[in-house]
>>> print(open('my_file_22.cif').read())   # mmCIF, C-alpha atoms
data_my_file
#
loop_
_atom_site.label_atom_id
_atom_site.label_comp_id
_atom_site.auth_asym_id
_atom_site.auth_seq_id
_atom_site.Cartn_x
_atom_site.Cartn_y
_atom_site.Cartn_z
CA MET A 259 -35.58 73.47 -15.45
CA SER A 260 -34.86 77.19 -15.17
CA GLU A 261 -33.41 79.12 -18.10
CA ALA A 262 -30.26 79.85 -16.06
CA ALA A 263 -29.76 76.15 -15.30
CA LYS A 264 -30.10 75.28 -18.99
CA SER A 265 -27.49 77.79 -20.07
CA ALA A 266 -25.08 77.32 -17.16
CA PRO A 267 -21.85 75.69 -18.34
CA LYS A 268 -21.17 72.12 -17.33
CA PRO A 269 -17.97 71.69 -15.29
CA ALA A 270 -16.02 70.63 -18.37
CA GLU A 271 -17.17 73.71 -20.27
CA VAL A 272 -15.73 76.22 -17.83
CA PRO A 273 -13.05 78.12 -19.76
CA GLY A 274 -9.53 77.35 -18.59
CA GLU A 275 -10.45 74.32 -16.51
CA ARG A 276 -7.98 71.47 -16.85
CA VAL A 277 -9.41 68.02 -17.51
CA PHE A 278 -7.05 65.12 -16.84
CA LEU A 279 -8.16 62.05 -18.83
CA VAL A 280 -7.25 58.57 -17.56
CA VAL A 281 -8.02 55.32 -19.37
CA VAL A 282 -9.48 52.81 -16.91
CA ASP A 283 -8.56 49.18 -17.43
CA ASP A 284 -7.33 46.23 -15.39
CA SER A 285 -3.63 47.15 -15.52
CA PRO A 286 -1.71 47.53 -12.26
CA GLU A 287 -0.35 50.92 -13.40
CA LEU A 288 -3.88 52.36 -13.57
CA LEU A 289 -3.77 53.27 -9.87
CA THR A 290 -0.53 55.16 -10.42
CA ALA A 291 -2.00 57.18 -13.31
CA LEU A 292 -5.26 57.80 -11.47
CA ARG A 293 -3.54 59.01 -8.31
CA TYR A 294 -1.26 61.32 -10.29
CA ALA A 295 -4.16 62.75 -12.33
CA SER A 296 -6.29 63.23 -9.21
CA ARG A 297 -3.55 65.02 -7.30
CA ARG A 298 -2.75 67.28 -10.27
CA ALA A 299 -6.43 68.04 -10.80
CA LYS A 300 -6.88 69.01 -7.17
CA ARG A 301 -3.73 71.11 -7.12
CA THR A 302 -4.59 72.97 -10.34
CA GLY A 303 -8.35 73.34 -9.87
CA GLY A 304 -9.10 70.84 -12.62
CA LEU A 305 -11.03 67.62 -12.74
CA VAL A 306 -10.51 64.00 -13.68
CA ALA A 307 -12.26 62.25 -16.55
CA MET A 308 -12.15 58.48 -16.86
CA LEU A 309 -12.64 56.47 -20.05
CA TYR A 310 -13.59 52.81 -19.98
CA VAL A 311 -13.62 50.99 -23.32
CA LEU A 312 -15.62 47.80 -23.77
CA GLU A 313 -14.22 45.20 -26.11
CA PRO A 314 -16.59 44.59 -29.03
CA ILE A 315 -18.83 41.54 -28.67
CA GLU A 316 -18.50 39.00 -31.46
CA GLN A 317 -21.72 38.79 -33.48
CA GLN A 318 -21.85 34.98 -33.50
CA LEU A 319 -24.94 34.51 -31.37
CA SER A 320 -28.53 35.67 -31.73
CA SER A 321 -29.11 39.40 -31.56
CA SER A 322 -30.95 39.14 -28.23
CA VAL A 323 -28.04 37.23 -26.67
CA ASN A 324 -25.55 39.74 -28.13
CA GLU A 325 -27.57 42.65 -26.70
CA LEU A 326 -27.69 40.97 -23.29
CA MET A 327 -23.94 40.42 -23.38
CA LYS A 328 -23.37 44.06 -24.35
CA GLN A 329 -25.63 45.25 -21.53
CA GLU A 330 -23.81 43.07 -19.00
CA ALA A 331 -20.43 44.33 -20.23
CA ARG A 332 -21.62 47.96 -20.01
CA GLU A 333 -22.90 47.41 -16.45
CA GLN A 334 -19.58 45.86 -15.49
CA GLY A 335 -17.73 48.84 -17.01
CA GLU A 336 -19.95 51.27 -15.12
CA GLU A 337 -19.30 49.35 -11.88
CA VAL A 338 -15.54 49.57 -12.47
CA LEU A 339 -15.84 53.32 -13.10
CA HIS A 340 -17.95 53.73 -9.97
CA ARG A 341 -15.32 51.94 -7.88
CA PHE A 342 -12.51 54.14 -9.20
CA SER A 343 -14.70 57.24 -8.90
CA GLU A 344 -14.67 56.71 -5.15
CA LEU A 345 -10.86 56.90 -5.19
CA VAL A 346 -10.95 60.09 -7.27
CA VAL A 347 -13.47 61.67 -4.89
CA SER A 348 -11.29 60.77 -1.90
CA LEU A 349 -8.31 62.47 -3.54
CA THR A 350 -9.98 65.49 -5.18
CA GLY A 351 -13.24 66.06 -3.32
CA GLN A 352 -15.24 65.98 -6.55
CA LEU A 353 -16.82 63.40 -8.83
CA PRO A 354 -14.93 62.60 -12.02
CA ARG A 355 -16.55 62.61 -15.43
CA THR A 356 -16.97 59.10 -16.78
CA VAL A 357 -17.24 57.86 -20.35
CA VAL A 358 -18.00 54.32 -21.52
CA ARG A 359 -17.39 53.40 -25.15
CA GLU A 360 -17.25 50.20 -27.17
CA GLY A 361 -14.49 49.42 -29.64
CA ASN A 362 -10.72 49.43 -29.90
CA LYS A 363 -9.24 51.17 -26.85
CA ARG A 364 -6.71 53.26 -28.75
CA ASP A 365 -9.19 54.29 -31.44
CA GLU A 366 -11.90 55.23 -28.94
CA LEU A 367 -9.39 57.21 -26.89
CA LEU A 368 -8.24 59.16 -29.94
CA LYS A 369 -11.87 59.83 -30.96
CA LEU A 370 -12.77 61.10 -27.47
CA ILE A 371 -9.79 63.46 -27.38
CA ALA A 372 -10.71 64.77 -30.84
CA GLU A 373 -14.39 65.21 -29.92
CA ASP A 374 -14.05 66.72 -26.45
CA PRO A 375 -12.22 70.06 -26.41
CA SER A 376 -12.34 70.20 -22.61
CA ILE A 377 -9.76 67.40 -22.29
CA SER A 378 -6.44 69.09 -21.70
CA ILE A 379 -4.06 66.33 -20.59
CA LEU A 380 -3.94 62.56 -21.11
CA VAL A 381 -2.43 60.68 -18.16
CA LEU A 382 -1.20 57.13 -18.75
CA GLY A 383 0.57 54.71 -16.43
CA ALA A 384 3.58 52.85 -17.82
CA ALA A 385 3.89 49.14 -17.10
CA THR A 386 7.03 47.96 -15.37
CA GLY A 387 7.38 44.53 -16.99
CA ALA A 388 9.95 43.35 -19.50
CA GLU A 389 7.35 43.49 -22.29
CA GLY A 390 7.46 47.28 -22.31
CA PRO A 391 5.34 50.18 -21.07
CA GLY A 392 2.09 48.76 -22.47
CA PRO A 393 0.37 48.87 -25.84
CA LEU A 394 -1.42 52.17 -25.29
CA VAL A 395 1.67 54.00 -24.07
CA THR A 396 3.71 52.51 -26.92
CA ALA A 397 1.17 53.54 -29.57
CA LEU A 398 0.45 57.01 -28.25
CA ALA A 399 3.99 57.99 -27.32
CA GLY A 400 5.21 56.69 -30.66
CA LYS A 401 3.21 56.74 -33.87
CA HIS A 402 0.32 58.92 -32.65
CA ALA A 403 2.21 61.36 -30.41
CA GLY A 404 2.54 64.04 -33.05
CA SER A 405 -1.13 63.94 -34.00
CA LEU A 406 -2.62 64.44 -30.54
CA ARG A 407 -3.91 67.89 -29.61
CA VAL A 408 -3.13 67.35 -25.90
CA PRO A 409 0.07 66.53 -24.05
CA ILE A 410 0.58 63.06 -22.62
CA THR A 411 1.86 62.54 -19.11
CA ILE A 412 3.32 59.05 -18.68
CA VAL A 413 3.60 58.06 -15.03
CA PRO A 414 6.04 55.23 -14.25
CA GLY A 415 4.11 52.31 -12.79
CA SER A 416 6.91 51.66 -10.31
CA LEU A 417 6.22 54.83 -8.30
CA ASP A 418 4.66 54.41 -4.87
CA GLU A 419 2.05 56.76 -3.39
CA ALA A 420 4.61 58.93 -1.60
CA GLN A 421 6.62 59.38 -4.79
CA ILE A 422 3.50 60.29 -6.77
CA ASP A 423 2.45 62.75 -4.08
CA ALA A 424 5.89 64.35 -4.15
CA ILE A 425 5.84 65.00 -7.90
CA SER A 426 2.20 65.92 -8.29
#
>>> encode(input="my_file_22.cif", output="structure tokens")
Amino acid sequence: MSEAAKSAPKPAEVPGERVFLVVVDDSPELLTALRYASRRAKRTGGLVAMLYVLEPIEQQLSSSVNELMKQEAREQGEEVLHRFSELVVSLTGQLPRTVVREGNKRDELLKLIAEDPSISILVLGAATGAEGPGPLVTALAGKHAGSLRVPITIVPGSLDEAQIDAIS
């Protein structure tokens, strides 16, 4: 590798670039958040980062079985990220950054934001059901809102594509 290639900044290290972080899960409002983040990233010259958090595997089986289960879960997470990466590319023209972690979703999200200074905005989709906007939105917009170093954009899950396009 050339010396210039080694020292060249990665996309996320370019000063002033906006990184829109979206948590990828199986919620219906994910597509709303991802579309909004992608459109804002394209419009502002930023990029999308996606976080997928694996639930911890219970340590009740043999270590080899646990490792196999972890590997399968990681591969599934990477497949999910790949599938949503295609949507981001179609909307922005560039590949998103992807991160896979294991643990509690809220805790891993907070750690990533604290560790990665390139993340500039967290984009979450709000659920539309009677049970509320979702546990992540509830936790981060409530108790943890004041401790975050980035703003949170909460996109109503009831918006359709045309409405998202109009506001982004």
>>> atom_distance(input="my_file_22.cif", atom1="atom CA of Ser416 of chain A", atom2="atom CA of Ala385 of chain A")
7.8 Å
>>> atom_distance(input="my_file_22.cif", atom1="atom CA of Ala291 of chain A", atom2="atom CA of Ile425 of chain A")
12.3 Å
>>> closest_residue(input="my_file_22.cif", among="A:Leu382, A:Leu309, A:Ala388, A:Val282", to="Ile410 of chain A", atoms="only C-alpha atoms")
A:Leu382
>>> closest_residue(input="my_file_22.cif", among="A:Val408, A:Val395, A:Val381, A:Val358", to="Thr290 of chain A", atoms="all atoms listed in the file")
A:Val381
>>> atom_distance(input="my_file_22.cif", atom1="atom CA of Glu316 of chain A", atom2="atom CA of Glu360 of chain A")
12.1 Å
>>> resolve_selection(input="my_file_22.cif", expression="the PyMOL selection byres ((chain A and resi 398) around 12)", output="PyMOL selection string")
chain A and resi 363-365+367-368+380-382+384+391-397+399-412
>>> write_last_selection(input="my_file_22.cif", atoms="C-alpha atoms", output="compact mmCIF listing (two decimals), keeping the file's coordinate frame")
# COMPACT_ATOMS: atom_id res chain seq x y z
CA LYS A 363 -9.24 51.17 -26.85
CA ARG A 364 -6.71 53.26 -28.75
CA ASP A 365 -9.19 54.29 -31.44
CA LEU A 367 -9.39 57.21 -26.89
CA LEU A 368 -8.24 59.16 -29.94
CA LEU A 380 -3.94 62.56 -21.11
CA VAL A 381 -2.43 60.68 -18.16
CA LEU A 382 -1.20 57.13 -18.75
CA ALA A 384 3.58 52.85 -17.82
CA PRO A 391 5.34 50.18 -21.07
CA GLY A 392 2.09 48.76 -22.47
CA PRO A 393 0.37 48.87 -25.84
CA LEU A 394 -1.42 52.17 -25.29
CA VAL A 395 1.67 54.00 -24.07
CA THR A 396 3.71 52.51 -26.92
CA ALA A 397 1.17 53.54 -29.57
CA ALA A 399 3.99 57.99 -27.32
CA GLY A 400 5.21 56.69 -30.66
CA LYS A 401 3.21 56.74 -33.87
CA HIS A 402 0.32 58.92 -32.65
CA ALA A 403 2.21 61.36 -30.41
CA GLY A 404 2.54 64.04 -33.05
CA SER A 405 -1.13 63.94 -34.00
CA LEU A 406 -2.62 64.44 -30.54
CA ARG A 407 -3.91 67.89 -29.61
CA VAL A 408 -3.13 67.35 -25.90
CA PRO A 409 0.07 66.53 -24.05
CA ILE A 410 0.58 63.06 -22.62
CA THR A 411 1.86 62.54 -19.11
CA ILE A 412 3.32 59.05 -18.68
>>> resolve_selection(input="my_file_22.cif", expression="the PyMOL selection byres ((chain A and resi 354) around 6)", output="list in words")
Val306, Ala307, Leu353 and Arg355 of chain A
>>> closest_residue(input="my_file_22.cif", among="A:Ala372, A:Ile315, A:Ile377, A:Leu349", to="Val280 of chain A", atoms="all atoms listed in the file")
A:Ile377
>>> residues_near_point(input="my_file_22.cif", point="(-20.0, 54.6, -17.2)", cutoff="10 Å", atoms="all atoms listed in the file", output="list of chain:residue names")
A:Met308, A:Leu309, A:Tyr310, A:Val311, A:Arg332, A:Glu333, A:Gln334, A:Gly335, A:Glu336, A:Glu337, A:Val338, A:Leu339, A:His340, A:Arg355, A:Thr356, A:Val357, A:Val358, A:Arg359
>>> decode(input="my_file_22.cif", residues="segment 390-425 of chain A", atoms="C-alpha atoms", output="compact mmCIF listing (two decimals), in the first residue's frame")
# COMPACT_ATOMS: atom_id res chain seq x y z
CA GLY A 390 -45.56 3.88 22.24
CA PRO A 391 -42.74 4.97 19.94
CA GLY A 392 -40.52 1.98 20.80
CA PRO A 393 -38.06 1.20 23.57
CA LEU A 394 -35.05 2.82 21.92
CA VAL A 395 -36.86 6.07 21.11
CA THR A 396 -38.35 6.14 24.61
CA ALA A 397 -34.98 5.60 26.31
CA LEU A 398 -32.95 7.96 24.15
CA ALA A 399 -35.48 10.77 23.90
CA GLY A 400 -36.09 10.55 27.63
CA LYS A 401 -33.48 9.55 30.19
CA HIS A 402 -30.43 9.60 27.89
CA ALA A 403 -31.30 12.61 25.69
CA GLY A 404 -29.27 15.07 27.71
CA SER A 405 -26.16 12.90 27.76
CA LEU A 406 -25.82 12.32 24.02
CA ARG A 407 -23.24 14.34 22.10
CA VAL A 408 -25.31 14.21 18.89
CA PRO A 409 -28.84 15.33 18.06
CA ILE A 410 -31.56 12.75 17.56
CA THR A 411 -33.95 12.94 14.65
CA ILE A 412 -37.11 10.93 15.32
CA VAL A 413 -39.01 10.15 12.14
CA PRO A 414 -42.69 9.23 12.57
CA GLY A 415 -43.23 5.68 11.35
CA SER A 416 -46.55 6.68 9.80
CA LEU A 417 -44.93 8.79 7.06
CA ASP A 418 -45.02 7.42 3.53
CA GLU A 419 -42.18 7.76 1.01
CA ALA A 420 -43.57 10.94 -0.54
CA GLN A 421 -43.89 12.60 2.86
CA ILE A 422 -40.34 11.60 3.81
CA ASP A 423 -39.04 12.89 0.49
CA ALA A 424 -40.83 16.20 1.03
CA ILE A 425 -39.25 16.83 4.44
